[in-house]
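Q: Below is the file query.txt, which contains compact mmCIF, C-alpha atoms.
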# COMPACT_ATOMS: atom_id res chain seq x y z
CA MET A 1 69.97 66.40 79.43
CA SER A 2 72.59 68.96 80.44
CA ARG A 3 76.11 68.68 79.13
CA GLU A 4 79.00 69.57 81.43
CA THR A 5 81.00 72.57 80.24
CA VAL A 6 84.46 71.57 79.07
CA PHE A 7 87.07 73.07 81.37
CA ARG A 8 89.87 74.95 79.65
CA PRO A 9 92.55 76.82 81.56
CA HIS A 10 93.19 80.43 80.63
CA ARG A 11 96.28 80.55 78.40
CA VAL A 12 98.99 83.02 79.43
CA VAL A 13 101.81 83.58 76.95
CA VAL A 14 104.93 85.27 78.29
CA LEU A 15 107.03 87.08 75.68
CA ALA A 16 110.75 86.67 76.39
CA LEU A 17 112.87 89.32 74.68
CA ASP A 18 116.64 89.71 74.46
CA GLY A 19 118.07 91.51 77.48
CA LEU A 20 115.27 90.19 79.69
CA LEU A 21 115.52 90.27 83.47
CA PRO A 22 115.29 86.65 84.71
CA PHE A 23 113.43 87.52 87.90
CA GLU A 24 110.58 89.19 86.02
CA LEU A 25 110.43 86.34 83.50
CA GLY A 26 109.74 83.86 86.29
CA ILE A 27 106.95 85.82 88.00
CA PRO A 28 104.04 84.84 85.70
CA HIS A 29 105.02 81.16 85.85
CA ARG A 30 105.18 81.23 89.63
CA ILE A 31 101.90 83.09 90.21
CA PHE A 32 99.67 81.77 87.44
CA GLY A 33 101.27 78.35 87.50
CA ARG A 34 100.31 77.91 91.17
CA SER A 35 96.66 78.95 90.72
CA ARG A 36 94.22 76.09 91.34
CA ASP A 37 90.48 75.81 91.68
CA ASP A 38 88.76 73.95 94.53
CA ARG A 39 89.09 70.70 92.54
CA GLY A 40 92.84 71.10 92.19
CA ARG A 41 92.77 71.96 88.49
CA SER A 42 95.24 74.47 87.05
CA LEU A 43 93.37 77.65 86.21
CA TYR A 44 96.06 78.89 83.85
CA GLU A 45 98.33 77.36 81.25
CA VAL A 46 101.57 79.36 81.06
CA VAL A 47 103.94 79.15 78.09
CA THR A 48 106.95 81.22 77.10
CA CYS A 49 107.75 82.36 73.58
CA SER A 50 110.25 84.57 71.80
CA VAL A 51 110.15 86.51 68.54
CA ARG A 52 112.33 83.85 66.92
CA PRO A 53 112.07 80.07 66.54
CA PRO A 54 112.67 78.08 69.75
CA GLY A 55 116.13 78.58 71.17
CA PRO A 56 118.24 80.70 73.51
CA VAL A 57 117.30 84.23 74.57
CA GLU A 58 119.92 86.45 76.15
CA THR A 59 119.33 87.87 79.64
CA ASP A 60 120.94 90.77 81.47
CA ALA A 61 122.76 88.19 83.62
CA ASP A 62 125.63 85.90 82.69
CA PHE A 63 123.37 83.20 81.25
CA ALA A 64 120.80 82.70 78.52
CA VAL A 65 117.46 80.90 78.81
CA HIS A 66 116.07 78.34 76.37
CA VAL A 67 112.62 79.40 75.17
CA PRO A 68 110.56 76.51 73.77
CA HIS A 69 108.07 78.41 71.59
CA GLY A 70 108.27 80.86 68.70
CA PRO A 71 106.07 83.90 68.01
CA GLU A 72 103.19 81.77 66.74
CA ALA A 73 102.28 81.10 70.41
CA LEU A 74 101.10 84.71 70.73
CA ALA A 75 98.15 83.94 68.46
CA THR A 76 96.90 81.36 70.99
CA ALA A 77 97.01 83.63 74.05
CA ASP A 78 94.15 84.76 76.24
CA THR A 79 96.62 86.99 78.08
CA VAL A 80 100.04 88.18 76.87
CA ILE A 81 102.60 89.33 79.43
CA VAL A 82 105.71 91.30 78.49
CA PRO A 83 108.32 91.21 81.28
CA ALA A 84 111.17 93.68 81.65
CA SER A 85 113.94 93.64 79.06
CA TYR A 86 116.29 95.97 77.22
CA ALA A 87 115.06 94.92 73.79
CA LEU A 88 114.06 98.35 72.50
CA GLY A 89 117.14 100.37 73.30
CA PRO A 90 117.21 104.11 74.01
CA GLU A 91 115.03 105.06 71.00
CA GLY A 92 112.11 102.85 72.00
CA VAL A 93 111.50 101.55 68.47
CA LEU A 94 110.16 98.07 67.73
CA THR A 95 112.47 95.82 65.78
CA GLU A 96 111.02 94.24 62.67
CA ASP A 97 110.73 90.79 64.21
CA LEU A 98 109.15 92.13 67.40
CA ALA A 99 106.57 94.13 65.44
CA ALA A 100 105.74 91.05 63.38
CA ALA A 101 105.39 88.95 66.53
CA LEU A 102 103.04 91.44 68.22
CA ALA A 103 100.90 91.56 65.08
CA ARG A 104 99.99 87.92 65.76
CA ILE A 105 98.10 88.83 68.96
CA ARG A 106 94.36 88.42 68.48
CA PRO A 107 92.05 91.41 69.07
CA GLY A 108 90.58 91.31 72.56
CA THR A 109 93.57 89.56 74.10
CA ARG A 110 94.42 90.92 77.54
CA LEU A 111 97.87 92.56 77.67
CA ALA A 112 100.10 93.15 80.67
CA SER A 113 103.63 94.40 81.22
CA ILE A 114 106.13 94.23 84.05
CA CYS A 115 108.56 97.12 84.55
CA SER A 116 110.15 98.28 81.27
CA GLY A 117 107.93 95.89 79.34
CA ALA A 118 105.57 98.88 79.22
CA GLN A 119 107.85 100.38 76.56
CA VAL A 120 107.07 97.46 74.25
CA LEU A 121 103.32 97.96 74.68
CA ALA A 122 103.74 101.71 74.19
CA ALA A 123 105.85 101.31 71.07
CA ALA A 124 103.17 99.05 69.61
CA GLY A 125 100.51 101.69 70.28
CA TYR A 126 98.62 99.74 72.91
CA LEU A 127 99.04 102.47 75.54
CA ASP A 128 98.08 105.48 73.44
CA GLY A 129 95.73 107.69 75.44
CA ARG A 130 95.74 105.28 78.37
CA PRO A 131 97.11 105.42 81.92
CA ALA A 132 100.21 103.32 82.47
CA THR A 133 103.10 102.88 84.87
CA THR A 134 106.59 101.43 84.89
CA HIS A 135 109.58 101.37 87.21
CA TRP A 136 109.94 104.84 88.71
CA ALA A 137 113.46 105.14 87.27
CA GLU A 138 112.11 104.45 83.75
CA ALA A 139 109.02 106.67 83.95
CA ASP A 140 110.56 109.84 82.53
CA GLN A 141 111.93 107.97 79.55
CA LEU A 142 108.59 106.27 78.91
CA GLN A 143 106.84 109.63 78.93
CA ARG A 144 109.48 111.27 76.72
CA LEU A 145 109.46 108.51 74.11
CA PHE A 146 105.70 108.06 74.12
CA PRO A 147 103.98 111.37 74.93
CA ARG A 148 100.51 109.98 74.18
CA VAL A 149 100.77 107.66 77.19
CA ARG A 150 99.45 109.00 80.53
CA VAL A 151 102.36 107.87 82.69
CA ASP A 152 101.88 107.64 86.45
CA PRO A 153 105.24 106.91 88.14
CA ASP A 154 103.83 106.80 91.66
CA VAL A 155 101.81 103.56 91.73
CA LEU A 156 102.56 99.85 91.86
CA PHE A 157 100.32 98.88 88.96
CA ILE A 158 97.44 100.16 86.84
CA ASP A 159 94.52 98.06 85.66
CA ASP A 160 92.91 99.68 82.64
CA GLY A 161 90.71 96.71 81.82
CA ASP A 162 92.26 94.86 78.90
CA VAL A 163 95.70 96.48 79.34
CA LEU A 164 97.60 96.38 82.65
CA THR A 165 101.03 97.76 83.51
CA SER A 166 103.17 97.49 86.61
CA ALA A 167 106.25 98.97 88.21
CA GLY A 168 109.47 97.01 88.53
CA VAL A 169 110.46 93.74 90.13
CA ALA A 170 108.14 92.86 93.05
CA ALA A 171 105.34 95.01 91.65
CA GLY A 172 105.08 92.39 88.91
CA ILE A 173 104.07 89.91 91.62
CA ASP A 174 101.41 92.35 92.82
CA LEU A 175 100.10 92.73 89.28
CA CYS A 176 99.89 88.98 88.62
CA LEU A 177 98.16 88.36 91.96
CA HIS A 178 95.74 91.16 91.11
CA ILE A 179 94.90 89.45 87.81
CA VAL A 180 94.30 86.14 89.59
CA ARG A 181 92.11 87.95 92.14
CA ARG A 182 90.21 89.68 89.35
CA ASP A 183 89.68 86.42 87.45
CA HIS A 184 88.99 84.00 90.30
CA GLY A 185 88.55 85.90 93.57
CA ALA A 186 90.51 86.59 96.72
CA ALA A 187 90.59 83.02 98.04
CA VAL A 188 92.51 81.68 95.02
CA ALA A 189 94.87 84.67 94.98
CA ASN A 190 95.50 84.41 98.72
CA ASP A 191 96.32 80.72 98.38
CA VAL A 192 98.88 81.49 95.66
CA ALA A 193 100.38 84.28 97.77
CA ARG A 194 100.67 81.96 100.75
CA ARG A 195 102.45 79.33 98.65
CA THR A 196 104.75 82.00 97.26
CA VAL A 197 105.35 83.53 100.72
CA VAL A 198 104.44 87.07 99.65
CA PRO A 199 101.81 89.54 100.91
CA PRO A 200 98.43 88.54 99.47
CA HIS A 201 97.47 92.04 98.42
CA ARG A 202 99.16 95.38 97.84
CA ASP A 203 96.78 97.87 96.30
CA GLY A 204 97.77 99.21 92.90
CA GLY A 205 97.51 102.78 94.16
CA GLN A 206 100.07 102.22 96.88
CA ALA A 207 103.14 104.40 96.54
CA GLN A 208 105.78 102.81 94.31
CA TYR A 209 108.70 104.57 95.91
CA ILE A 210 108.75 105.06 99.68
CA ALA A 211 111.54 107.19 101.07
CA ARG A 212 112.25 104.83 103.98
CA PRO A 213 110.67 101.43 103.21
CA VAL A 214 112.80 99.66 105.82
CA PRO A 215 112.68 101.30 109.26
CA ASP A 216 115.92 102.34 110.88
CA PRO A 217 116.77 99.61 113.43
CA GLN A 218 117.01 102.30 116.09
CA GLN A 219 113.45 103.49 115.41
CA ALA A 220 110.23 101.71 116.28
CA SER A 221 108.18 100.14 113.49
CA THR A 222 104.40 100.02 113.14
CA THR A 223 104.35 96.24 112.67
CA THR A 224 102.91 95.51 116.11
CA ALA A 225 100.06 97.95 115.57
CA ARG A 226 99.18 96.41 112.23
CA ALA A 227 99.15 92.88 113.68
CA TRP A 228 97.02 94.15 116.57
CA ALA A 229 94.52 95.73 114.18
CA LEU A 230 94.31 92.65 111.94
CA GLY A 231 93.24 90.61 114.95
CA ARG A 232 90.26 92.85 115.66
CA LEU A 233 89.02 94.18 112.32
CA HIS A 234 85.47 93.44 113.49
CA GLU A 235 85.83 96.03 116.24
CA PRO A 236 85.92 99.84 116.02
CA ILE A 237 89.59 100.81 115.77
CA GLN A 238 90.71 104.30 116.63
CA LEU A 239 93.93 105.82 115.39
CA ARG A 240 94.97 106.64 118.94
CA ASP A 241 94.57 102.96 119.89
CA MET A 242 96.88 101.88 117.07
CA ALA A 243 99.42 104.52 118.07
CA ALA A 244 99.26 103.31 121.67
CA GLN A 245 100.40 99.83 120.57
CA GLU A 246 103.72 101.40 119.54
CA SER A 247 103.84 103.91 122.43
CA MET A 248 103.83 106.77 119.94
CA SER A 249 101.90 109.99 119.61
CA VAL A 250 99.20 109.95 116.95
CA ARG A 251 101.20 112.39 114.84
CA THR A 252 104.41 110.38 114.99
CA PHE A 253 102.59 107.10 114.40
CA THR A 254 100.74 108.46 111.36
CA ARG A 255 103.96 109.75 109.81
CA ARG A 256 105.84 106.51 110.50
CA PHE A 257 102.95 104.40 109.22
CA ARG A 258 102.87 106.26 105.91
CA GLU A 259 106.65 106.01 105.56
CA GLU A 260 106.52 102.23 106.04
CA THR A 261 103.40 101.34 104.04
CA GLY A 262 102.89 104.20 101.60
CA VAL A 263 99.31 104.80 102.79
CA SER A 264 97.57 106.33 105.79
CA PRO A 265 96.33 104.13 108.67
CA GLY A 266 92.75 104.80 107.61
CA GLN A 267 93.36 103.71 104.02
CA TRP A 268 95.17 100.62 105.22
CA LEU A 269 92.34 99.63 107.56
CA THR A 270 89.74 100.03 104.82
CA ARG A 271 91.75 97.85 102.45
CA GLN A 272 92.16 95.12 105.07
CA ARG A 273 88.42 95.17 105.75
CA VAL A 274 87.63 94.94 102.06
CA GLU A 275 89.92 91.91 101.78
CA ARG A 276 88.28 90.34 104.84
CA ALA A 277 84.84 90.91 103.35
CA ARG A 278 85.91 89.35 100.06
CA TYR A 279 87.18 86.26 101.83
CA LEU A 280 83.98 85.84 103.87
CA LEU A 281 81.73 86.37 100.85
CA GLU A 282 83.64 83.71 98.92
CA SER A 283 84.12 81.10 101.63
CA THR A 284 81.11 81.30 103.96
CA ASP A 285 77.31 81.35 103.87
CA ARG A 286 77.09 84.27 106.28
CA SER A 287 74.55 86.92 105.36
CA VAL A 288 75.71 90.25 103.96
CA ASP A 289 74.83 91.85 107.31
CA GLN A 290 76.97 89.32 109.18
CA VAL A 291 79.89 89.76 106.78
CA ALA A 292 79.68 93.53 107.18
CA ARG A 293 79.89 93.22 110.97
CA GLU A 294 82.73 90.68 110.94
CA ALA A 295 84.75 92.72 108.44
CA GLY A 296 84.35 95.83 110.58
CA PHE A 297 82.08 97.87 108.31
CA GLY A 298 79.24 97.81 110.82
CA THR A 299 76.36 97.89 108.34
CA ALA A 300 75.62 96.25 105.02
CA GLN A 301 75.16 99.69 103.46
CA SER A 302 78.63 100.80 104.54
CA MET A 303 80.21 97.61 103.21
CA ARG A 304 78.28 97.93 99.96
CA GLN A 305 79.64 101.44 99.44
CA HIS A 306 83.23 100.39 100.14
CA LEU A 307 83.10 97.30 97.89
CA GLN A 308 81.46 99.32 95.14
CA ALA A 309 84.23 101.92 95.40
CA ALA A 310 87.05 99.34 95.53
CA LEU A 311 85.75 96.63 93.20
CA GLY A 312 82.93 98.15 91.19
CA VAL A 313 80.45 95.47 92.31
CA THR A 314 77.98 94.89 95.13
CA PRO A 315 78.58 92.21 97.81
CA THR A 316 75.86 90.01 96.32
CA THR A 317 77.33 90.22 92.83
CA TYR A 318 80.81 89.52 94.15
CA ARG A 319 79.59 86.42 96.02
CA ARG A 320 77.70 85.14 93.00
CA THR A 321 80.82 85.53 90.83
CA PHE A 322 83.45 84.07 93.14
CA ARG A 323 81.80 81.50 95.38
CA ALA A 324 84.01 78.38 95.27
CA ASP A 325 81.06 76.04 94.70
CA ASN A 326 80.13 77.90 91.52
CA GLY A 327 83.10 76.36 89.69
CA PRO A 328 85.81 78.30 87.89
CA ALA A 329 84.89 81.94 87.47
CA THR A 330 85.26 83.65 84.14
CA PRO A 331 87.26 86.87 84.20
CA SER A 332 85.06 89.60 85.61
CA GLY A 333 84.60 93.03 84.16
CA ARG A 334 86.86 95.97 84.82
CA GLU A 335 87.62 95.67 88.51
CA ASP A 336 89.84 98.28 90.13
CA GLU A 337 90.37 99.66 86.62
CA ALA A 338 92.56 102.58 87.51
CA ALA A 339 94.89 102.86 90.43
CA VAL A 340 93.92 105.28 93.17
CA PRO A 341 96.59 107.97 93.50
CA ALA A 342 98.70 107.50 96.62
CA GLU A 343 98.47 110.31 99.11
CA GLY A 344 101.52 112.53 99.18
In structure tokens, what does this structure look like?
A:
Amino acid sequence: MSRETVFRPHRVVVLALDGLLPFELGIPHRIFGRSRDDRGRSLYEVVTCSVRPPGPVETDADFAVHVPHGPEALATADTVIVPASYALGPEGVLTEDLAAALARIRPGTRLASICSGAQVLAAAGYLDGRPATTHWAEADQLQRLFPRVRVDPDVLFIDDGDVLTSAGVAAGIDLCLHIVRRDHGAAVANDVARRTVVPPHRDGGQAQYIARPVPDPQQASTTTARAWALGRLHEPIQLRDMAAQESMSVRTFTRRFREETGVSPGQWLTRQRVERARYLLESTDRSVDQVAREAGFGTAQSMRQHLQAALGVTPTTYRRTFRADNGPATPSGREDEAAVPAEG
């Protein structure tokens, strides 16, 4: 007689340090706290702790926040997230209480940082010899203080398996959505993004700093072309056809597109098709050949190559892992482990 597996949500512990940025502190609670399976169960339990007993933690704003847990919560974490703060100061040295708190983290616990939280992970030695990112304005300091870290200032986030780092502010949302997608698939992550009213997916390798992220009101945007393309991903889409939607030359359109999105039109199309394929594999019974055609890859072989390159798995393996009727998925292996460098 089979015994039903006891469901236990993945425990995320957020470490709140003095000088924290309130916006970043709230990101994990918003993203992980909204993640549900198809039975409506919370997939994550999110708690906040500090390096001291429960009490107030100072922020960089004109208010403090009450943190209900002390450092002992770190020993219970499946994932620890360190948001941005100014706890380390210009020397980047761990305080005694912070070092003691981090020592409570169990081996094998997944670690993630948002913005300058990467300095905490670096100071503790977790980033030695590994790729990492932070806010572009903090990247030089991170590299100077911790020369053993392979700092990449040009990407939104980096997934190095059990250690993940992200750039500042909104990139923390991208990172948390990426973790949800990695753990439970695109459908769950897209649902959270929809509830949060943010884009469901920005690739980690997308440029962190774009010279003109908001188009000049006097200049045409590429928004219409992107909406046009999203409505016909199953069809062959030529660059000249996208440019025609904005009444631009191909050269002007390509330049404007990169300025606004940080990637080329071709890269963007491939990423949208990968996301479409993920959704269809999770939510439908269509064959791999049908999914390939509807996502715009044409053939199953082409789709297999693109999913293998983007996710490290085949379409069949992805479906087996993330089909909704399979119940809650366990975190998959190292998906999208390192960010793809953004084109210059």
Q: Tell me which protein, DNA and RNA residues are within 10 Å of Ala84 of chain A, counting only C-alpha atoms, leaving out same-chain ones fewer than 5 positions away, and put them as an mmCIF file with C-alpha atoms, in the coordinates of the input.
A:
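Output saved as out02.cif:
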data_model
loop_
_atom_site.group_PDB
_atom_site.id
_atom_site.type_symbol
_atom_site.label_atom_id
_atom_site.label_comp_id
_atom_site.auth_asym_id
_atom_site.auth_seq_id
_atom_site.Cartn_x
_atom_site.Cartn_y
_atom_site.Cartn_z
ATOM 1 C CA LEU A 15 107.030 87.080 75.680
ATOM 2 C CA ALA A 16 110.750 86.670 76.390
ATOM 3 C CA LEU A 17 112.870 89.320 74.680
ATOM 4 C CA ASP A 18 116.640 89.710 74.460
ATOM 5 C CA GLY A 19 118.070 91.510 77.480
ATOM 6 C CA LEU A 20 115.270 90.190 79.690
ATOM 7 C CA LEU A 21 115.520 90.270 83.470
ATOM 8 C CA PRO A 22 115.290 86.650 84.710
ATOM 9 C CA PHE A 23 113.430 87.520 87.900
ATOM 10 C CA GLU A 24 110.580 89.190 86.020
ATOM 11 C CA LEU A 25 110.430 86.340 83.500
ATOM 12 C CA SER A 113 103.630 94.400 81.220
ATOM 13 C CA ILE A 114 106.130 94.230 84.050
ATOM 14 C CA CYS A 115 108.560 97.120 84.550
ATOM 15 C CA SER A 116 110.150 98.280 81.270
ATOM 16 C CA GLY A 117 107.930 95.890 79.340
ATOM 17 C CA ALA A 118 105.570 98.880 79.220
ATOM 18 C CA GLN A 119 107.850 100.380 76.560
ATOM 19 C CA VAL A 120 107.070 97.460 74.250
ATOM 20 C CA THR A 134 106.590 101.430 84.890
ATOM 21 C CA HIS A 135 109.580 101.370 87.210
ATOM 22 C CA ALA A 167 106.250 98.970 88.210
ATOM 23 C CA GLY A 168 109.470 97.010 88.530
ATOM 24 C CA VAL A 169 110.460 93.740 90.130
ATOM 25 C CA GLY A 172 105.080 92.390 88.910
#
Q: So which one's closest to Arg110 of chain A, A:Asp62, A:Pro153, A:Asp162, A:Trp136? Using all atoms listed in the file, please.
A: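 Using all atoms listed in the file, Arg110 of chain A sits closest to A:Asp162.
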Q: Closest to Ile158 of chain A among A:Ala99, A:Ile81, A:Ala139, A:Arg130, using all atoms listed in the file?
A: A:Arg130
Q: What separation in Å, quoted to one decimal, exists between atom CA of Gly185 of chain A and atom CA of Glu282 of chain A?
A: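 According to the coordinates, atom CA of Gly185 of chain A and atom CA of Glu282 of chain A are separated by 7.6 Å.
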Q: For a quick check of understanding, using all atoms listed in the file, which of A:Ser264, A:Thr48, A:Thr95, A:Gln238 has the smallest distance to Ala73 of chain A?
A: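 The shortest atom-to-atom distance to Ala73 of chain A comes from A:Thr48.
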Q: Compute the distance from (98.2, 93.4, 89.7) to each atom, counting only C-alpha atoms, keep the residues with any atom at most 9 Å away, and return them as a PDB file with C-alpha atoms, in the coordinates of the input; use the coordinates of the file.
A:
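File written: selection.pdb
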ATOM      1  CA  LEU A 156     102.560  99.850  91.860  1.00  0.00           C
ATOM      2  CA  PHE A 157     100.320  98.880  88.960  1.00  0.00           C
ATOM      3  CA  ILE A 158      97.440 100.160  86.840  1.00  0.00           C
ATOM      4  CA  ASP A 159      94.520  98.060  85.660  1.00  0.00           C
ATOM      5  CA  LEU A 164      97.600  96.380  82.650  1.00  0.00           C
ATOM      6  CA  THR A 165     101.030  97.760  83.510  1.00  0.00           C
ATOM      7  CA  SER A 166     103.170  97.490  86.610  1.00  0.00           C
ATOM      8  CA  ALA A 171     105.340  95.010  91.650  1.00  0.00           C
ATOM      9  CA  GLY A 172     105.080  92.390  88.910  1.00  0.00           C
ATOM     10  CA  ILE A 173     104.070  89.910  91.620  1.00  0.00           C
ATOM     11  CA  ASP A 174     101.410  92.350  92.820  1.00  0.00           C
ATOM     12  CA  LEU A 175     100.100  92.730  89.280  1.00  0.00           C
ATOM     13  CA  CYS A 176      99.890  88.980  88.620  1.00  0.00           C
ATOM     14  CA  LEU A 177      98.160  88.360  91.960  1.00  0.00           C
ATOM     15  CA  HIS A 178      95.740  91.160  91.110  1.00  0.00           C
ATOM     16  CA  ILE A 179      94.900  89.450  87.810  1.00  0.00           C
ATOM     17  CA  VAL A 180      94.300  86.140  89.590  1.00  0.00           C
ATOM     18  CA  ARG A 181      92.110  87.950  92.140  1.00  0.00           C
ATOM     19  CA  ARG A 182      90.210  89.680  89.350  1.00  0.00           C
ATOM     20  CA  HIS A 201      97.470  92.040  98.420  1.00  0.00           C
ATOM     21  CA  ARG A 202      99.160  95.380  97.840  1.00  0.00           C
ATOM     22  CA  ASP A 203      96.780  97.870  96.300  1.00  0.00           C
ATOM     23  CA  GLY A 204      97.770  99.210  92.900  1.00  0.00           C
TER      24      GLY A 204
END
